[in-house]
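Visitor: You'll find coords-v8.cif just under this line, and it carries mmCIF, C-alpha atoms.
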data_coords
loop_
_atom_site.label_atom_id
_atom_site.label_comp_id
_atom_site.auth_asym_id
_atom_site.auth_seq_id
_atom_site.Cartn_x
_atom_site.Cartn_y
_atom_site.Cartn_z
CA MET A 4 18.32 -32.37 -13.53
CA SER A 5 15.68 -30.81 -11.30
CA GLU A 6 16.81 -28.61 -8.46
CA PHE A 7 15.93 -29.42 -4.87
CA SER A 8 16.78 -27.98 -1.46
CA ILE A 9 17.06 -29.43 2.02
CA GLY A 10 16.27 -27.91 5.39
CA VAL A 11 17.58 -29.29 8.68
CA ASP A 12 16.40 -28.91 12.25
CA GLY A 13 19.18 -30.11 14.56
CA GLY A 14 18.49 -30.19 18.30
CA GLY A 15 19.37 -31.91 21.53
CA THR A 16 16.92 -34.76 21.01
CA ARG A 17 16.92 -35.45 17.28
CA THR A 18 17.76 -34.14 13.82
CA ARG A 19 15.14 -33.76 11.10
CA ALA A 20 15.69 -33.09 7.41
CA VAL A 21 13.12 -32.04 4.82
CA VAL A 22 13.60 -32.18 1.03
CA VAL A 23 11.64 -29.72 -1.12
CA ASP A 24 11.48 -29.17 -4.86
CA GLU A 25 11.91 -25.93 -6.83
CA GLU A 26 8.39 -24.86 -5.94
CA GLY A 27 8.80 -25.58 -2.24
CA ARG A 28 6.72 -28.75 -2.28
CA GLU A 29 7.84 -31.32 0.28
CA LEU A 30 9.25 -34.48 -1.29
CA ALA A 31 10.41 -36.41 1.78
CA ARG A 32 11.72 -36.11 5.30
CA ALA A 33 13.86 -38.16 7.66
CA GLU A 34 14.92 -38.19 11.30
CA GLY A 35 18.26 -39.01 12.89
CA GLU A 36 20.40 -38.59 15.97
CA ALA A 37 20.78 -35.35 17.92
CA ALA A 38 23.03 -32.67 16.45
CA LEU A 39 23.96 -30.19 19.16
CA ALA A 40 26.73 -27.90 17.91
CA ASP A 41 30.09 -28.47 19.62
CA PRO A 42 32.57 -25.61 19.15
CA VAL A 43 35.50 -27.98 19.73
CA ARG A 44 34.32 -30.84 17.51
CA PRO A 45 31.96 -29.48 14.81
CA GLU A 46 32.41 -32.68 12.81
CA VAL A 47 30.26 -34.59 15.33
CA ALA A 48 27.14 -32.51 14.66
CA ALA A 49 28.05 -32.35 10.98
CA GLY A 50 28.15 -36.13 10.82
CA ALA A 51 24.72 -36.50 12.43
CA ILE A 52 23.29 -33.91 10.04
CA ALA A 53 24.90 -35.55 7.01
CA ASP A 54 23.49 -38.97 7.91
CA THR A 55 19.97 -37.54 8.21
CA VAL A 56 20.28 -35.51 5.02
CA ARG A 57 21.42 -38.57 3.06
CA ARG A 58 18.46 -40.59 4.34
CA ALA A 59 16.04 -37.81 3.40
CA ALA A 60 17.56 -37.52 -0.08
CA ALA A 61 17.33 -41.27 -0.57
CA GLU A 62 13.69 -41.23 0.57
CA ALA A 63 12.98 -38.50 -1.97
CA GLY A 64 14.75 -40.43 -4.73
CA THR A 65 17.19 -37.59 -5.34
CA GLU A 66 20.95 -37.49 -5.56
CA LEU A 67 23.33 -35.27 -3.63
CA PRO A 68 24.67 -32.67 -3.75
CA CYS A 69 21.44 -30.70 -3.64
CA SER A 70 21.11 -27.10 -4.74
CA ALA A 71 21.07 -25.61 -1.23
CA LEU A 72 21.18 -26.75 2.40
CA TRP A 73 20.08 -24.56 5.31
CA ALA A 74 20.75 -26.15 8.69
CA GLY A 75 19.15 -24.71 11.80
CA VAL A 76 21.17 -26.16 14.66
CA ALA A 77 20.89 -25.66 18.42
CA GLY A 78 23.96 -24.04 19.94
CA THR A 79 25.03 -21.99 16.91
CA GLY A 80 24.23 -18.58 18.35
CA ARG A 81 27.90 -17.59 18.31
CA GLU A 82 29.55 -16.83 14.99
CA THR A 83 32.60 -19.00 15.68
CA VAL A 84 30.42 -22.04 16.37
CA ARG A 85 28.20 -21.37 13.36
CA SER A 86 31.08 -20.90 10.93
CA GLY A 87 32.91 -23.98 12.21
CA LEU A 88 29.90 -26.17 11.60
CA GLU A 89 29.25 -24.55 8.24
CA ILE A 90 32.79 -25.35 7.11
CA ALA A 91 32.48 -28.94 8.33
CA LEU A 92 29.21 -29.41 6.43
CA GLY A 93 30.61 -27.77 3.33
CA ARG A 94 33.35 -30.40 3.17
CA MET A 95 30.82 -33.25 3.05
CA GLY A 96 29.51 -32.57 -0.43
CA LEU A 97 25.88 -32.42 0.61
CA ALA A 98 24.97 -29.22 -1.22
CA ARG A 99 26.36 -26.61 -3.57
CA ARG A 100 25.34 -23.88 -1.15
CA VAL A 101 25.43 -24.38 2.63
CA HIS A 102 24.32 -22.09 5.40
CA VAL A 103 24.11 -22.73 9.14
CA GLY A 104 21.83 -20.76 11.45
CA THR A 105 19.95 -21.50 14.64
CA ASP A 106 17.03 -23.87 14.94
CA VAL A 107 15.05 -20.97 16.39
CA GLU A 108 15.56 -18.84 13.26
CA ALA A 109 14.24 -21.71 11.17
CA ALA A 110 11.20 -22.24 13.40
CA PHE A 111 10.45 -18.52 13.44
CA HIS A 112 10.55 -18.37 9.65
CA ASP A 113 8.09 -21.25 9.42
CA ALA A 114 5.74 -19.54 11.86
CA PHE A 115 5.94 -15.94 10.67
CA GLY A 116 7.92 -15.76 7.44
CA ASP A 117 9.09 -12.16 7.08
CA GLY A 118 6.37 -10.92 9.43
CA ARG A 119 6.07 -9.89 13.06
CA GLY A 120 5.50 -12.11 16.06
CA ILE A 121 7.06 -13.91 19.00
CA LEU A 122 8.24 -17.51 19.05
CA LEU A 123 8.68 -19.37 22.34
CA VAL A 124 10.45 -22.72 22.23
CA ALA A 125 10.87 -25.05 25.18
CA GLY A 126 12.29 -28.50 24.70
CA THR A 127 15.67 -29.66 25.91
CA GLY A 128 16.53 -25.93 26.17
CA SER A 129 14.46 -22.74 26.02
CA ILE A 130 14.47 -19.45 24.10
CA ALA A 131 12.13 -16.74 22.86
CA TRP A 132 12.64 -14.88 19.57
CA GLY A 133 10.71 -11.93 18.26
CA ARG A 134 10.39 -9.49 15.35
CA ASN A 135 8.51 -6.21 15.72
CA ASP A 136 6.56 -3.96 13.35
CA ASP A 137 9.73 -2.30 12.05
CA GLY A 138 11.59 -5.56 11.43
CA ARG A 139 13.81 -5.26 14.51
CA GLU A 140 14.58 -8.68 16.03
CA GLY A 141 15.58 -9.79 19.49
CA ARG A 142 15.91 -12.87 21.62
CA VAL A 143 15.53 -13.70 25.29
CA GLY A 144 17.10 -16.80 26.82
CA GLY A 145 19.02 -19.45 24.96
CA TRP A 146 22.05 -18.98 27.21
CA GLY A 147 22.67 -22.69 27.77
CA THR A 148 22.67 -24.93 30.81
CA LEU A 149 24.93 -22.84 33.04
CA LEU A 150 23.45 -19.40 32.42
CA GLY A 151 19.95 -20.03 31.11
CA ASP A 152 17.49 -22.63 29.78
CA GLU A 153 14.95 -21.62 32.40
CA GLY A 154 11.66 -23.45 32.02
CA SER A 155 13.22 -26.05 29.73
CA GLY A 156 13.16 -29.82 29.98
CA TYR A 157 16.72 -29.66 31.27
CA ALA A 158 15.81 -27.13 33.97
CA ILE A 159 12.80 -29.18 35.03
CA GLY A 160 14.83 -32.39 35.17
CA LEU A 161 17.66 -30.78 37.11
CA GLU A 162 15.32 -29.24 39.66
CA SER A 163 13.60 -32.59 40.16
CA LEU A 164 16.96 -34.17 41.01
CA ARG A 165 17.70 -31.38 43.46
CA ARG A 166 14.32 -31.80 45.13
CA VAL A 167 14.90 -35.53 45.53
CA ALA A 168 18.31 -34.83 47.11
CA ARG A 169 16.80 -32.32 49.51
CA ASN A 170 14.17 -34.80 50.55
CA ALA A 171 16.84 -37.43 51.18
CA ASP A 172 18.57 -34.93 53.50
CA GLY A 173 15.37 -34.12 55.35
CA ARG A 174 15.45 -30.58 53.94
CA GLY A 175 12.45 -30.98 51.68
CA PRO A 176 8.97 -32.50 51.70
CA GLU A 177 8.10 -36.03 50.69
CA THR A 178 7.65 -36.47 46.95
CA GLN A 179 6.74 -39.17 44.47
CA LEU A 180 9.65 -37.97 42.38
CA ARG A 181 12.10 -40.08 44.37
CA ASP A 182 10.69 -43.43 43.27
CA ALA A 183 9.65 -42.12 39.85
CA ILE A 184 13.16 -40.92 39.00
CA LEU A 185 14.81 -44.05 40.33
CA GLY A 186 12.49 -46.10 38.14
CA ALA A 187 13.07 -43.94 35.07
CA THR A 188 16.85 -44.05 35.38
CA GLY A 189 17.12 -47.69 36.45
CA ILE A 190 18.97 -46.70 39.62
CA ALA A 191 18.46 -48.69 42.82
CA THR A 192 19.35 -46.10 45.49
CA ILE A 193 19.54 -42.35 45.98
CA ASP A 194 23.28 -42.61 46.62
CA GLU A 195 23.76 -43.91 43.07
CA LEU A 196 21.92 -40.87 41.73
CA VAL A 197 25.01 -38.71 42.24
CA GLY A 198 27.07 -40.82 39.88
CA TRP A 199 24.26 -41.03 37.35
CA ALA A 200 23.78 -37.26 37.31
CA ALA A 201 27.51 -36.63 36.97
CA GLY A 202 27.66 -38.78 33.85
CA ALA A 203 24.35 -37.66 32.34
CA ASP A 204 24.27 -35.31 29.36
CA LYS A 205 21.79 -32.51 28.76
CA ALA A 206 19.33 -34.77 26.95
CA ASP A 207 19.43 -37.35 29.77
CA ILE A 208 18.49 -34.72 32.35
CA ALA A 209 15.80 -33.23 30.09
CA ALA A 210 14.30 -36.70 29.64
CA LEU A 211 13.16 -36.51 33.28
CA ALA A 212 10.66 -33.74 32.45
CA PRO A 213 7.89 -36.22 31.49
CA VAL A 214 8.47 -37.97 34.84
CA VAL A 215 7.86 -34.67 36.63
CA SER A 216 4.77 -34.00 34.52
CA GLU A 217 3.30 -37.42 35.29
CA SER A 218 4.03 -37.05 39.01
CA SER A 219 2.29 -33.68 38.99
CA ARG A 220 -0.71 -35.20 37.23
CA ARG A 221 -0.90 -37.74 40.03
CA GLY A 222 -1.07 -34.98 42.59
CA ASP A 223 2.54 -34.63 43.75
CA ALA A 224 2.91 -31.12 45.18
CA VAL A 225 6.67 -30.87 44.62
CA ALA A 226 6.36 -31.82 40.95
CA GLY A 227 3.53 -29.31 40.60
CA GLU A 228 5.70 -26.54 42.05
CA ILE A 229 8.46 -27.31 39.57
CA LEU A 230 6.09 -27.03 36.62
CA VAL A 231 4.49 -23.82 37.90
CA LYS A 232 7.95 -22.26 38.15
CA ALA A 233 8.77 -23.42 34.60
CA VAL A 234 5.62 -21.76 33.24
CA GLU A 235 6.50 -18.53 35.06
CA GLU A 236 9.99 -18.55 33.56
CA LEU A 237 8.75 -19.20 30.03
CA SER A 238 6.07 -16.53 30.29
CA GLY A 239 8.78 -14.15 31.46
CA HIS A 240 10.74 -14.86 28.28
CA VAL A 241 7.82 -13.74 26.12
CA LEU A 242 7.07 -10.66 28.20
CA ALA A 243 10.72 -9.61 28.03
CA VAL A 244 10.68 -9.85 24.22
CA LEU A 245 7.43 -7.91 24.17
CA THR A 246 9.01 -5.12 26.23
CA ASN A 247 12.40 -5.12 24.50
CA LEU A 248 10.91 -4.80 21.01
CA GLY A 249 8.10 -2.42 21.90
CA PRO A 250 6.16 -0.37 21.30
CA TRP A 251 3.92 -2.53 19.09
CA ARG A 252 1.10 -1.11 17.00
CA PHE A 253 -1.04 -4.01 18.24
CA PRO A 254 -0.21 -7.12 20.30
CA PRO A 255 1.78 -9.73 18.35
CA SER A 256 0.71 -13.35 18.10
CA VAL A 257 2.80 -16.01 19.82
CA SER A 258 3.91 -19.32 18.35
CA LEU A 259 4.75 -22.18 20.73
CA GLY A 260 7.20 -24.94 19.84
CA GLY A 261 9.33 -27.67 21.36
CA GLY A 262 8.44 -30.83 23.23
CA LEU A 263 7.06 -29.02 26.27
CA LEU A 264 4.95 -26.50 24.35
CA GLY A 265 3.94 -28.27 21.14
CA LYS A 266 0.47 -29.71 20.73
CA GLY A 267 -0.07 -32.10 23.63
CA GLY A 268 3.01 -30.79 25.44
CA PRO A 269 2.74 -30.79 29.26
CA LEU A 270 3.18 -27.01 29.61
CA ARG A 271 1.27 -25.79 26.56
CA ARG A 272 -2.12 -25.20 28.18
CA ALA A 273 -0.65 -23.41 31.19
CA VAL A 274 1.43 -21.11 28.96
CA GLU A 275 -1.62 -20.43 26.78
CA VAL A 276 -3.51 -19.28 29.86
CA ALA A 277 -0.61 -17.10 30.97
CA MET A 278 -0.39 -15.47 27.54
CA SER A 279 -4.13 -14.79 27.44
CA GLU A 280 -3.80 -12.82 30.67
CA HIS A 281 -1.58 -10.42 28.72
CA ARG A 282 -3.95 -10.36 25.73
CA LEU A 283 -1.55 -12.31 23.53
CA THR A 284 -3.00 -14.74 21.01
CA ILE A 285 -1.48 -18.18 20.49
CA ARG A 286 -1.11 -19.36 16.91
CA PRO A 287 -2.81 -22.77 16.50
CA ASP A 288 -0.18 -24.35 14.26
CA GLU A 289 3.06 -25.66 15.75
CA PRO A 290 6.17 -24.34 13.95
CA ASP A 291 8.17 -26.84 11.90
CA ALA A 292 11.82 -25.78 12.02
CA ALA A 293 12.91 -28.24 9.33
CA ARG A 294 10.24 -26.91 6.97
CA GLY A 295 11.28 -23.35 7.81
CA ALA A 296 14.92 -24.23 7.13
CA ALA A 297 13.96 -25.69 3.74
CA ALA A 298 12.19 -22.45 2.84
CA LEU A 299 15.30 -20.49 3.84
CA ALA A 300 17.47 -22.85 1.78
CA ARG A 301 15.47 -21.96 -1.34
CA ARG A 302 16.24 -18.30 -0.70
CA LEU A 303 20.01 -18.73 -0.50
CA PRO A 304 21.63 -16.67 -3.28
CA VAL A 305 23.92 -18.35 -5.77
CA GLY A 306 27.43 -18.28 -4.38
CA ALA A 307 26.26 -18.17 -0.75
#
As a first step, turn the structure in this file into structure tokens.

Guide:
Amino acid sequence: MSEFSIGVDGGGTRTRAVVVDEEGRELARAEGEAALADPVRPEVAAGAIADTVRRAAAEAGTELPCSALWAGVAGTGRETVRSGLEIALGRMGLARRVHVGTDVEAAFHDAFGDGRGILLVAGTGSIAWGRNDDGREGRVGGWGTLLGDEGSGYAIGLESLRRVARNADGRGPETQLRDAILGATGIATIDELVGWAAGADKADIAALAPVVSESSRRGDAVAGEILVKAVEELSGHVLAVLTNLGPWRFPPSVSLGGGLLGKGGPLRRAVEVAMSEHRLTIRPDEPDAARGAAALARRLPVGA
């Protein structure tokens, strides 16, 4: 029986799985529900990952368990969370070898392999990850909704709600965001927005980012201010990595990923301009975390 490996990219919006053969050639891929790691209930994310992995294996015409599974999952920065999810996945019989890391590690590997560079990801959350000339690694951001996620879809959505509330109080300027957000959420009045926000999860709030982007495109000053601030925050992530891992023999290239920064993303062009002001070059290809995870799966030693 031929050996095959599977890489997983689990995030706040969706889960993707990629099946590769012994030579690393892609056989199939599938998408499924979000798989944010929950330290209390790791089986929830494990279930979403397992469903997606099984669909990808079926699409590839292969049978589980596979040789190796490397799952890059958002929210697994802490060892206790990572190990809990790894144990839960190991019990599902998906692979003979299972490893859980972060989605950012997987995306970085796809972009740079074992080389140097800086990865900036902004989707539902935000984080920057870098590796310098000597192999030293470091991250900036990725602290979650309470302590971080600056410049992310969640941060943009939350600030838009705050701006609408301020306007309702007479503490802020008029903005198109009021009607745009009510329309996007299906809410009739501003008063109902409090209840909606209280029951919304991270992905629900982040889903308002395209509303802000569209309002800015139509000339809304408040929406424009929110996006400018997001770009400043994300640029600050990269510059902090650059400083923390310096000195560099020559400026590293930067890879941009996530819904806000991928090709066609609403913040990509503005971040590209900001990076050029610091003589940093943007890599043209968008990182594929699932593909990077599959490559890492092939490198897992026997017995891992």

Visitor: Which residue is closest to Asp288 (chain A)? Choose from A:Gly10, A:Gly261, A:Leu161, A:Ala114 and count all atoms listed in the file.

Guide: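 Of A:Gly10, A:Gly261, A:Leu161, A:Ala114, the one nearest Asp288 (chain A), counting all atoms listed in the file, is A:Ala114.
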
Visitor: Could you list, as a ChimeraX atom specification, every residue matched by the PyMOL selection byres ((chain A and resi 132-137) around 10) in this structure?

Guide: /A:107-108,110-111,115,117-124,130-131,138-145,240-241,244-245,247-255,257-258

Visitor: Within 10 Å of (14.9, -30.4, 34.9) (coordinates as in the file), grab all the protein and nucleic acid residues, counting all atoms listed in the file, and write them out as a VMD selection string.

Guide: chain A and resid 127 to 128 152 to 165 205 207 to 215 229 to 230 233

Visitor: Return the single residue from A:Gly13, A:Gly104, A:Gly267, A:Gly202 that is closest to Glu36 (chain A), with distances computed using only C-alpha atoms.

Guide: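 That would be A:Gly13, the residue with the smallest distance to Glu36 (chain A).
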
Visitor: Could you give me, as a list in words, the residues within 6 Å of Val21 (chain A), counting all atoms listed in the file and dropping anything in the same chain fewer than 2 positions from it?

Guide: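 Once the adjacent positions are removed, what remains is Ile9, Gly10, Ala31, Arg32 and Ala293 of chain A.
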
Visitor: So how many Å separate CA of Leu180 (chain A) and CA of Ala226 (chain A), to one decimal?

Guide: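 Those two atoms sit 7.1 Å apart.
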
Visitor: Would you please work out which residue, of A:Arg220, A:Glu289, A:Glu280, A:Leu242, is nearest to Lys266 (chain A) when using all atoms listed in the file?

Guide: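 Nearest candidate to Lys266 (chain A) out of A:Arg220, A:Glu289, A:Glu280, A:Leu242: A:Glu289.
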
Visitor: Give me the residues near Ile90 (chain A) as a ChimeraX atom specification, where near means some atom within 10 Å (using all atoms listed in the file) and where sequence neighbours in that chain fewer than 4 positions away do not count.

Guide: /A:45-46,49,85-86,94-95,101-103

Visitor: For Leu263 (chain A), which of A:Leu92, A:Leu67, A:Val84, A:Leu237 is the closest residue, counting all atoms listed in the file?

Guide: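 Among the listed residues, the smallest separation from Leu263 (chain A) belongs to A:Leu237.
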
Visitor: Hey, could you pull the box centre and edge lengths for region 266-276 of chain A, axis-aligned, 6 Å padding per side, all listed atoms, to one decimal in Å, as lines of an AutoDock Vina configuration file?

Guide:
center_x = -0.2
center_y = -25.7
center_z = 26.0
size_x = 18.7
size_y = 24.8
size_z = 22.5

Visitor: If you count all atoms listed in the file, which residues fall within 8 Å of Gly15 (chain A), apart from same-chain ones fewer than 3 positions away, as a list of chain:residue names?

Guide: A:Ala37, A:Ala38, A:Leu39, A:Ala77, A:Thr127, A:Lys205, A:Ala206

Visitor: Selected residues, C-alpha atoms, written as an mmCIF file, in the frame of the given file, please.

Guide:
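Output contents, as saved in result03.cif:
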data_model
loop_
_atom_site.group_PDB
_atom_site.id
_atom_site.type_symbol
_atom_site.label_atom_id
_atom_site.label_comp_id
_atom_site.auth_asym_id
_atom_site.auth_seq_id
_atom_site.Cartn_x
_atom_site.Cartn_y
_atom_site.Cartn_z
ATOM 1 C CA ALA A 37 20.780 -35.350 17.920
ATOM 2 C CA ALA A 38 23.030 -32.670 16.450
ATOM 3 C CA LEU A 39 23.960 -30.190 19.160
ATOM 4 C CA ALA A 77 20.890 -25.660 18.420
ATOM 5 C CA THR A 127 15.670 -29.660 25.910
ATOM 6 C CA LYS A 205 21.790 -32.510 28.760
ATOM 7 C CA ALA A 206 19.330 -34.770 26.950
#

Visitor: CA of Ala63 (chain A) to CA of Gly126 (chain A): how many Å, to one decimal?

Guide: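 According to the coordinates, CA of Ala63 (chain A) and CA of Gly126 (chain A) are separated by 28.5 Å.
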
Visitor: When you count only C-alpha atoms, which of these residues is closest to Gly151 (chain A): A:Glu236, A:Ile285, A:Gly173, A:Leu97?

Guide: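 So, comparing all the options, the nearest one is A:Glu236.
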
Visitor: Using all atoms listed in the file, collect all residues at a distance of at most 12 Å from (20.9, -43.7, 49.9) as written in the file, then present them as a PyMOL selection string.

Guide: chain A and resi 167-168+170-172+181+185+190-197

Visitor: Which residues, named as in the file, does the PyMOL selection byres ((chain A and resi 272-274) around 9) pick out? Answer as JSON, numbers by chain.

Guide: {"A": [231, 234, 235, 237, 238, 259, 264, 267, 268, 269, 270, 271, 275, 276, 277, 278, 279]}

Visitor: What's around Glu29 (chain A) at 12 Å? Count all atoms listed in the file, leave out sequence neighbours fewer than 6 positions away in its own chain, and write the answer as a CSV table (one decimal) with C-alpha atoms, keeping the file's coordinate frame.

Guide:
chain,number,residue,atom,x,y,z
A,7,PHE,CA,15.9,-29.4,-4.9
A,8,SER,CA,16.8,-28.0,-1.5
A,9,ILE,CA,17.1,-29.4,2.0
A,10,GLY,CA,16.3,-27.9,5.4
A,20,ALA,CA,15.7,-33.1,7.4
A,21,VAL,CA,13.1,-32.0,4.8
A,22,VAL,CA,13.6,-32.2,1.0
A,23,VAL,CA,11.6,-29.7,-1.1
A,59,ALA,CA,16.0,-37.8,3.4
A,60,ALA,CA,17.6,-37.5,-0.1
A,62,GLU,CA,13.7,-41.2,0.6
A,63,ALA,CA,13.0,-38.5,-2.0
A,293,ALA,CA,12.9,-28.2,9.3
A,294,ARG,CA,10.2,-26.9,7.0
A,295,GLY,CA,11.3,-23.4,7.8
A,297,ALA,CA,14.0,-25.7,3.7
A,298,ALA,CA,12.2,-22.4,2.8
